[in-house]
file structure35.txt (compact mmCIF, C-alpha atoms)
# COMPACT_ATOMS: atom_id res chain seq x y z
CA MET I 219 -224.24 -199.16 88.76
CA ALA I 220 -222.48 -197.53 91.71
CA ARG I 221 -220.33 -200.62 92.12
CA ILE I 222 -219.28 -200.49 88.49
CA THR I 223 -218.40 -196.78 88.45
CA GLY I 224 -216.88 -196.89 91.92
CA SER I 225 -214.30 -199.39 90.76
CA TRP I 226 -212.78 -197.09 88.16
CA LEU I 227 -213.70 -193.68 89.62
CA SER I 228 -212.00 -194.49 92.91
CA GLY I 229 -208.74 -195.17 91.07
CA PRO I 230 -206.51 -198.19 91.36
CA THR I 231 -205.72 -199.63 94.76
CA ALA I 232 -202.28 -200.89 95.77
CA ASP I 233 -203.67 -204.10 97.24
CA PRO I 234 -206.60 -205.87 95.55
CA ASP I 235 -207.71 -207.21 98.95
CA GLU I 236 -207.86 -203.67 100.38
CA PRO I 237 -211.33 -202.10 100.22
CA ALA I 238 -211.75 -199.31 97.64
CA THR I 239 -213.76 -197.18 100.05
CA PRO I 240 -211.93 -196.01 103.15
CA GLU I 241 -213.16 -196.68 106.68
CA PHE I 242 -212.98 -192.95 107.42
CA ARG I 243 -212.16 -189.78 105.48
CA GLY I 244 -208.43 -189.24 105.21
CA GLU I 245 -207.45 -192.88 105.72
CA HIS I 246 -205.97 -193.23 102.21
CA ILE I 247 -203.67 -190.25 102.73
CA GLY I 248 -202.57 -191.24 106.22
CA LEU I 249 -204.57 -188.77 108.30
CA PRO I 250 -206.14 -189.60 111.67
CA ARG I 251 -209.83 -190.43 112.07
CA SER I 252 -210.56 -187.50 114.42
CA GLY I 253 -208.92 -184.67 116.30
CA ALA I 254 -206.04 -182.49 115.15
CA GLY I 255 -204.90 -183.36 111.65
CA SER I 256 -208.15 -185.06 110.59
CA LEU I 257 -210.03 -183.95 107.49
CA VAL I 258 -212.88 -181.50 108.00
CA GLY I 259 -216.34 -181.69 106.49
CA MET I 260 -217.88 -179.49 103.84
CA GLY I 261 -219.91 -177.47 106.39
CA ARG I 262 -216.88 -176.11 108.25
CA ARG I 263 -215.07 -175.34 105.01
CA ILE I 264 -218.08 -173.40 103.71
CA ALA I 265 -218.35 -171.52 107.03
CA ALA I 266 -214.66 -170.57 106.76
CA LEU I 267 -215.26 -169.41 103.19
CA MET I 268 -218.15 -167.20 104.32
CA VAL I 269 -215.94 -165.60 107.00
CA ASP I 270 -213.26 -165.00 104.36
CA TRP I 271 -215.83 -163.37 102.04
CA VAL I 272 -217.09 -161.04 104.77
CA ILE I 273 -213.51 -160.01 105.60
CA ALA I 274 -212.70 -159.54 101.89
CA MET I 275 -215.84 -157.42 101.43
CA GLY I 276 -214.85 -155.24 104.41
CA ILE I 277 -211.35 -154.71 103.02
CA ALA I 278 -212.77 -153.98 99.55
CA ALA I 279 -215.21 -151.45 101.06
CA LEU I 280 -212.30 -149.67 102.78
CA ILE I 281 -210.37 -149.53 99.51
CA VAL I 282 -213.23 -148.61 97.15
CA ARG I 283 -215.42 -146.56 99.54
CA PRO I 284 -218.55 -146.82 97.37
CA ASN I 285 -221.02 -143.93 97.41
CA PRO I 286 -224.45 -145.43 96.63
CA GLN I 287 -226.07 -142.10 95.71
CA GLN I 288 -223.29 -141.38 93.20
CA ILE I 289 -223.48 -144.89 91.76
CA ILE I 290 -227.26 -144.59 91.28
CA ALA I 291 -226.94 -141.09 89.82
CA ASP I 292 -224.36 -142.32 87.29
CA LEU I 293 -226.66 -145.07 86.01
CA ASP I 294 -228.31 -144.52 82.64
CA LEU I 295 -231.70 -146.04 83.43
CA PRO I 296 -234.46 -146.21 80.81
CA ALA I 297 -237.69 -144.35 81.59
CA GLY I 298 -239.89 -146.23 84.05
CA LYS I 299 -237.09 -148.49 85.29
CA GLN I 300 -236.81 -148.64 89.09
CA PRO I 301 -233.34 -147.57 90.34
CA PRO I 302 -231.48 -150.02 92.59
CA THR I 303 -231.55 -149.61 96.35
CA ASN I 304 -228.48 -148.23 98.13
CA PHE I 305 -227.64 -151.75 99.33
CA GLU I 306 -227.85 -153.16 95.79
CA ALA I 307 -225.65 -150.35 94.48
CA VAL I 308 -222.98 -150.95 97.14
CA VAL I 309 -222.98 -154.73 96.67
CA SER I 310 -222.72 -154.26 92.91
CA ALA I 311 -219.82 -151.83 93.30
CA LEU I 312 -217.99 -154.20 95.67
CA SER I 313 -218.44 -157.49 93.82
CA THR I 314 -215.26 -157.46 91.72
CA PRO I 315 -213.03 -155.77 94.34
CA THR I 316 -214.24 -158.31 96.95
CA TRP I 317 -213.36 -161.17 94.64
CA MET I 318 -209.90 -159.73 93.97
CA VAL I 319 -209.19 -159.16 97.68
CA TRP I 320 -210.40 -162.71 98.47
CA VAL I 321 -208.00 -164.18 95.89
CA VAL I 322 -205.00 -162.16 97.11
CA VAL I 323 -205.69 -162.75 100.81
CA GLY I 324 -206.23 -166.47 100.18
CA ILE I 325 -202.95 -166.88 98.32
CA LEU I 326 -200.90 -164.83 100.77
CA ALA I 327 -202.44 -166.28 103.93
CA VAL I 328 -202.13 -169.92 102.86
CA THR I 329 -198.57 -169.32 101.61
CA LEU I 330 -197.40 -167.56 104.77
CA PHE I 331 -199.47 -169.18 107.51
CA GLY I 332 -201.15 -172.28 106.09
CA PHE I 333 -204.68 -170.96 106.63
CA THR I 334 -206.99 -168.13 105.63
CA PRO I 335 -208.54 -165.84 108.26
CA GLY I 336 -211.80 -167.81 108.09
CA GLN I 337 -209.95 -171.09 108.48
CA TYR I 338 -208.08 -169.67 111.47
CA PHE I 339 -211.33 -168.71 113.23
CA LEU I 340 -212.77 -172.17 112.59
CA ARG I 341 -209.52 -173.89 113.63
CA LEU I 342 -208.70 -175.30 110.20
CA ARG I 343 -205.44 -175.54 108.31
CA VAL I 344 -204.29 -176.33 104.75
CA ILE I 345 -201.56 -178.97 104.62
CA ARG I 346 -199.60 -180.77 101.95
CA VAL I 347 -200.38 -184.47 101.89
CA ASP I 348 -197.08 -185.59 100.36
CA GLU I 349 -194.63 -183.93 102.77
CA PRO I 350 -194.84 -182.27 106.19
CA VAL I 351 -193.78 -178.84 104.87
CA ARG I 352 -195.59 -175.57 104.16
CA VAL I 353 -198.03 -175.43 101.29
CA GLY I 354 -195.93 -172.88 99.38
CA PHE I 355 -196.81 -170.14 96.92
CA VAL I 356 -197.30 -172.27 93.79
CA ARG I 357 -199.72 -174.70 95.47
CA ALA I 358 -201.57 -171.86 97.23
CA LEU I 359 -201.88 -170.01 93.91
CA GLY I 360 -203.11 -173.10 92.07
CA ARG I 361 -205.55 -173.95 94.85
CA GLN I 362 -207.01 -170.42 94.91
CA LEU I 363 -207.25 -170.20 91.11
CA LEU I 364 -209.17 -173.48 91.03
CA LEU I 365 -211.43 -172.28 93.85
CA ILE I 366 -212.42 -169.27 91.74
CA PHE I 367 -214.43 -171.62 89.54
CA VAL I 368 -216.33 -173.03 92.59
CA VAL I 369 -217.09 -176.31 90.81
CA PRO I 370 -213.83 -178.12 91.78
CA ALA I 371 -214.67 -177.64 95.46
CA LEU I 372 -218.06 -179.31 95.00
CA PHE I 373 -216.67 -182.59 93.66
CA THR I 374 -214.94 -184.62 96.34
CA ASP I 375 -213.05 -187.89 96.35
CA ALA I 376 -213.50 -190.83 98.73
CA ASP I 377 -211.48 -188.96 101.36
CA GLY I 378 -213.70 -185.86 101.13
CA ARG I 379 -211.09 -183.64 99.47
CA GLY I 380 -212.23 -181.32 96.70
CA MET I 381 -210.75 -181.46 93.20
CA HIS I 382 -208.78 -178.28 93.95
CA ASP I 383 -207.12 -179.95 96.95
CA ARG I 384 -206.48 -183.15 95.07
CA ALA I 385 -204.94 -181.28 92.10
CA THR I 386 -202.58 -179.33 94.35
CA GLY I 387 -201.74 -182.16 96.75
CA THR I 388 -203.31 -180.42 99.74
CA ALA I 389 -206.01 -181.10 102.32
CA VAL I 390 -207.97 -178.99 104.82
CA VAL I 391 -207.60 -180.44 108.31
CA ARG I 392 -208.45 -179.54 111.90
CA SER I 393 -205.61 -177.60 113.50
CA ARG I 394 -206.62 -178.25 117.14
call {"tool": "encode", "arguments": {"input": "structure35.txt", "output": "structure tokens"}}
result
Amino acid sequence: MARITGSWLSGPTADPDEPATPEFRGEHIGLPRSGAGSLVGMGRRIAALMVDWVIAMGIAALIVRPNPQQIIADLDLPAGKQPPTNFEAVVSALSTPTWMVWVVVGILAVTLFGFTPGQYFLRLRVIRVDEPVRVGFVRALGRQLLLIFVVPALFTDADGRGMHDRATGTAVVRSR
């Protein structure tokens, strides 16, 4: 069954004699096997995302400055219902602002620098696969908007790129 679906899910190949599955990730788009410029695995991308979320939560906390006692006092809890802990109240108050900061920082950072803060710390970079130029605002916006839904990042092609990268013509590679 995998052979049947692999033939049409992989897409058409330019040369029928060329294997449908690449020897290494990034081969089809002309990237090196290892070192700078090679595609990174899911683990490093998730680690960079976690760093970005922590940074976004810190920025959101500075902007919102949630007061857990006030949040709990403002709740209209039914009789006998246990109030949330201070931690739960703060996390609840920061969820939407954190998401908004993450979106804005992701778009601006990839547009201006080619990487998010988390990607910088993990030595990753977002590149265009069609031309050696900056990603640009429109691609960074599209990439971040698709990442909001999480699911596109979970489905990868034969090269290991997520649907969001494939749709925007980008790839996450090692910078050093």
call {"tool": "closest_residue", "arguments": {"input": "structure35.txt", "among": "I:Pro286, I:Gly261, I:Gly378, I:Gly360", "to": "Arg243 (chain I)", "atoms": "all atoms listed in the file"}}
result
I:Gly378
call {"tool": "atom_distance", "arguments": {"input": "structure35.txt", "atom1": "CA of Ile247 (chain I)", "atom2": "CA of Leu372 (chain I)"}}
result
19.7 Å
call {"tool": "atom_distance", "arguments": {"input": "structure35.txt", "atom1": "CA of Ala376 (chain I)", "atom2": "CA of Arg343 (chain I)"}}
result
19.8 Å
call {"tool": "atom_distance", "arguments": {"input": "structure35.txt", "atom1": "CA of Leu342 (chain I)", "atom2": "CA of Leu330 (chain I)"}}
result
14.7 Å
call {"tool": "closest_residue", "arguments": {"input": "structure35.txt", "among": "I:Thr316, I:Thr334, I:Gln362, I:Ser310", "to": "Val269 (chain I)", "atoms": "all atoms listed in the file"}}
result
I:Thr334
call {"tool": "axis_aligned_box", "arguments": {"input": "structure35.txt", "around": "region 377-388 of chain I", "padding_each_side": "6 Å", "output": "JSON"}}
result
{"center_x": -207.7, "center_y": -183.6, "center_z": 96.7, "size_x": 24.0, "size_y": 22.7, "size_z": 21.3}
call {"tool": "residues_near_point", "arguments": {"input": "structure35.txt", "point": "(-197.9, -186.5, 104.9)", "cutoff": "8 Å", "atoms": "all atoms listed in the file", "output": "MDAnalysis selection string"}}
result
chainID I and resid 247:249 346:350
call {"tool": "closest_residue", "arguments": {"input": "structure35.txt", "among": "I:Ile273, I:Val309, I:Leu295, I:Val258", "to": "Gly324 (chain I)", "atoms": "all atoms listed in the file"}}
result
I:Ile273
call {"tool": "residues_around", "arguments": {"input": "structure35.txt", "residues": "region 302-304 of chain I", "least_positions_apart": "6", "cutoff": "9 Å", "atoms": "all atoms listed in the file", "output": "number ranges by chain"}}
result
I: 285-287, 289-290
call {"tool": "write_last_selection", "arguments": {"input": "structure35.txt", "atoms": "C-alpha atoms", "output": "mmCIF file, keeping the file's coordinate frame"}}
result
data_model
loop_
_atom_site.group_PDB
_atom_site.id
_atom_site.type_symbol
_atom_site.label_atom_id
_atom_site.label_comp_id
_atom_site.auth_asym_id
_atom_site.auth_seq_id
_atom_site.Cartn_x
_atom_site.Cartn_y
_atom_site.Cartn_z
ATOM 1 C CA ASN I 285 -221.020 -143.930 97.410
ATOM 2 C CA PRO I 286 -224.450 -145.430 96.630
ATOM 3 C CA GLN I 287 -226.070 -142.100 95.710
ATOM 4 C CA ILE I 289 -223.480 -144.890 91.760
ATOM 5 C CA ILE I 290 -227.260 -144.590 91.280
#
call {"tool": "residues_around", "arguments": {"input": "structure35.txt", "residues": "Val319 (chain I)", "least_positions_apart": "2", "cutoff": "12 Å", "atoms": "only C-alpha atoms", "output": "PDB file with C-alpha atoms, in the frame of the given file"}}
result
ATOM      1  CA  ASP I 270    -213.260-165.000 104.360  1.00  0.00           C
ATOM      2  CA  TRP I 271    -215.830-163.370 102.040  1.00  0.00           C
ATOM      3  CA  VAL I 272    -217.090-161.040 104.770  1.00  0.00           C
ATOM      4  CA  ILE I 273    -213.510-160.010 105.600  1.00  0.00           C
ATOM      5  CA  ALA I 274    -212.700-159.540 101.890  1.00  0.00           C
ATOM      6  CA  MET I 275    -215.840-157.420 101.430  1.00  0.00           C
ATOM      7  CA  GLY I 276    -214.850-155.240 104.410  1.00  0.00           C
ATOM      8  CA  ILE I 277    -211.350-154.710 103.020  1.00  0.00           C
ATOM      9  CA  ALA I 278    -212.770-153.980  99.550  1.00  0.00           C
ATOM     10  CA  ALA I 279    -215.210-151.450 101.060  1.00  0.00           C
ATOM     11  CA  LEU I 280    -212.300-149.670 102.780  1.00  0.00           C
ATOM     12  CA  ILE I 281    -210.370-149.530  99.510  1.00  0.00           C
ATOM     13  CA  VAL I 282    -213.230-148.610  97.150  1.00  0.00           C
ATOM     14  CA  LEU I 312    -217.990-154.200  95.670  1.00  0.00           C
ATOM     15  CA  SER I 313    -218.440-157.490  93.820  1.00  0.00           C
ATOM     16  CA  THR I 314    -215.260-157.460  91.720  1.00  0.00           C
ATOM     17  CA  PRO I 315    -213.030-155.770  94.340  1.00  0.00           C
ATOM     18  CA  THR I 316    -214.240-158.310  96.950  1.00  0.00           C
ATOM     19  CA  TRP I 317    -213.360-161.170  94.640  1.00  0.00           C
ATOM     20  CA  VAL I 321    -208.000-164.180  95.890  1.00  0.00           C
ATOM     21  CA  VAL I 322    -205.000-162.160  97.110  1.00  0.00           C
ATOM     22  CA  VAL I 323    -205.690-162.750 100.810  1.00  0.00           C
ATOM     23  CA  GLY I 324    -206.230-166.470 100.180  1.00  0.00           C
ATOM     24  CA  ILE I 325    -202.950-166.880  98.320  1.00  0.00           C
ATOM     25  CA  LEU I 326    -200.900-164.830 100.770  1.00  0.00           C
ATOM     26  CA  ALA I 327    -202.440-166.280 103.930  1.00  0.00           C
ATOM     27  CA  GLN I 362    -207.010-170.420  94.910  1.00  0.00           C
TER      28      GLN I 362
END
call {"tool": "residues_around", "arguments": {"input": "structure35.txt", "residues": "Ile366 (chain I)", "least_positions_apart": "3", "cutoff": "10 Å", "atoms": "only C-alpha atoms", "output": "count of residues only"}}
result
10
